[in-house]
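Q: The structure under discussion is supplied below as structure tokens; questions concerning it will follow.
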Amino acid sequence: MDENSSARLKRRLLGIVYRIGLFLAMLTICLPGLWIVISSLRPTVEIMAKPPVWIPQEISFDAYVSMFSGIGKGGIPVIEYFRNSLIISVTSTVIAVAIGMAGGYAFARYRFRGKSSVFLGLMLTRTVPGIALSLPLFFLYVRLGIIDTHFGVILAYVALNVPFTIWLIDGFFRQVPKDLAEAAQIDGCTRWQAFWQVEFPLAGPGIASAAIFAFLTCWNEFALASQLTRSVSAKTLPVGLLDYTAEFTIDWRGMCALAVVMIIPALTLTFIVQKHLVGGLTSGAVKG
Amino acid sequence: MATVSLKKLTKRYGNIGIVHGIDLDIADREFIALVGPSGCGKSTTLRMIAGLEEISAGSIEIGGRVVNDLPPRSRNISMVFQSYALYPHMTVRENLGFSLKIAGAAKEDMERRVAEASAILGLDTLLDRRPSQLSGGQRQRVAMGRAIVRDPDVFLFDEPLSNLDAKLRTQMRTEIKKLHAKVQSTVIYVTHDQVEAMTLADRIVIMRDGHIEQVGTPDEVFRRPATRFVAGFIGSPPMNLHEATIDDGQMVFSSGEKLPLPGQFKANVATGDKVVFGLRPDDIYPAGHGISSGGAADVHQIELPVTVTEPLGNETLVFVEFNGTDWVSRMLNPRPLRPGERVAMSLDMSQAHLFATDTGKTLRS
């Protein structure tokens, strides 16, 4: 065998090994999700079976049907939870991104006293586990009368997300050359116009990714929400999962079905925006 | 079109002074180059004129109107940045028309002016491309087009050619000169490249450490540099500069070598004065191979050893050893020279310069 064909063979073998490796990695990542979907479609006996049953013997959508069939028939207020989750996640994301844009821009563009300490302070808040704050927050919220309200949860989520959005958006504004805003000002823009016409569109992909991260954090958050909400009027979907636990039993199938309902919108959103994200970043948008 | 006038213009960052109260009057339609080494305050001065940098003291007038506190958009200027600063998310057409769009111009008017500018700069075929799809020279042209479209009183250029390769730079230099002839507006051009300044400008402002060293036509700053700094900065290869002490009508150098005092300075120096003697490479040449050979009145002959030669085709730069360092000389109609060879050099003392060692100022009266 000459050198060239052995090199070609080696390259092909490496390609195959590479694909197998990728497949195993993806399998590890996707298996829990897949397991949830499968578990939502099969009877509890099969879910609890030991050794595990890999291929479901019978498939039924009973869990989904009963989920929506109202209280007393094994149903839970999914629509209400969904609405609460949506209101809380969207509102707190919008606020966190707005504050993140203002803050990130200020950190990226302006010099002011105590800039690095403020920035460090913001980052340090991320080191405190949210659950550690839940008890003090609970007392505070009870006193203020905002326990079990959308407002209360939104406030907590905004505080949770702002340091992160500022940090992320700051990085993206730093990548937009300063000259561009200056050129826009010379071209007749006010400072405000220069921001919206030039800097905002260029930092757009970054702001979008900050928004996705913030949204997903809110959408999936459980620990704080479980402390700060208790009624149908404020409970979010992750907290709603607890409705499937009774004193002595846990309805795993129903819980998995609700989890699937929860995952779908988040997954869809990420898919839609991710395309724009990748597109925006690879089109060489931020190239002076 | 407009005059620009800087009065005691000052910029400080905290206690650090960047520009120290400079005065400058620029005539209508004049092409002024601000030139100097990096950190001399030339870009800061330009940015203050543009309104991108607040001024600490003094005043700026454009067309007789004080603009000290006006935002950039109210000064009717346009600026070409070193980085071009094209808007990456807009096509060339949108880049060119951006200022008109912001100003709320009518669509037909906008199209007409974009077409005019793109015709001047040969951008017609590129109008629908994005900046990332253009070469460096094309981006440069779009940046200039964007400046033209505004039809400003004053054009500001901030080192516009320094991102281009040498060949393109020469080409764009010519284009800028042609452009100025066409649009006939006042231009303030910042560069660290003295060749650009010399070739383009009506007048050159040489800056150093936030002060103006000299203002003059290219010919003036070349032939009659006001300071030792200007003498060393303008001209390529740079002027040969040596410290010497005056002793009875002669200049004595640190190595003990002597040269006669150039006639034109005799009245201005006395024995014991410390001076810096300067002679351009054009004014030193192997006998019979110089620019001024024949006509020069005050030629001094001296024999010096050759250290290195750099042939450039039509001429050769000959490095000869004098006073312990290399002197650059320019040899026209070159003949081969070997390193180590002692050559009779002609020094055209009528073209020599003398500067005071302490102040650096010229001793020419």
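To be explicit about the labels: the chains of the structure tokens are called A, B, and onward in the order shown, and within each one the residues are counted from 1, while ligands get numbers from 1 in the order they are shown.
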Tell me, counting only C-alpha atoms, for each residue of chain A within 6 Å of chain B, which pair of atoms is nearest and how far apart they are in Å to one decimal, in rows ordered by chain and increasing number, as a Markdown table.

A:
```
| residue | atom | partner | partner_atom | distance |
| --- | --- | --- | --- | --- |
| A:Asp179 | CA | B:Ala85 | CA | 5.5 |
| A:Leu180 | CA | B:Ala85 | CA | 5.0 |
| A:Gln185 | CA | B:Arg73 | CA | 5.9 |
| A:Ile186 | CA | B:Arg73 | CA | 5.1 |
| A:Asp187 | CA | B:Ser99 | CA | 4.6 |
| A:Gly188 | CA | B:Arg73 | CA | 4.2 |
| A:Ala285 | CA | B:Pro88 | CA | 5.6 |
```

Q: My list of candidates is A:Ala266, A:Ala214, A:Leu258, A:Leu22. Which is closest to A:Ser66 when distances are computed with only C-alpha atoms?

A: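 For A:Ser66, the nearest of the given residues is A:Leu258.
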
Q: Return as a count of residues only the full set of residues in stretch 121-220 of chain A whose backbone-based DSSP assignment is alpha helix (DSSP H).

A: 76

Q: Got a sec: who's within 12 Å of A:Leu34, counting only C-alpha atoms, leaving out chain neighbours fewer than 6 positions off, as a list of chain:residue names?

A: A:Met26, A:Leu27, A:Thr28, A:Ser40, A:Leu41, A:Trp54, A:Ile55, A:Cys256, A:Ala257, A:Ala259, A:Val260, A:Ile263

Q: Have a look at atom CA of B:Ile291 and atom CA of B:Pro334 and let me know their distance in Å, one decimal.

A: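 Distance between the two atoms: 12.1 Å.
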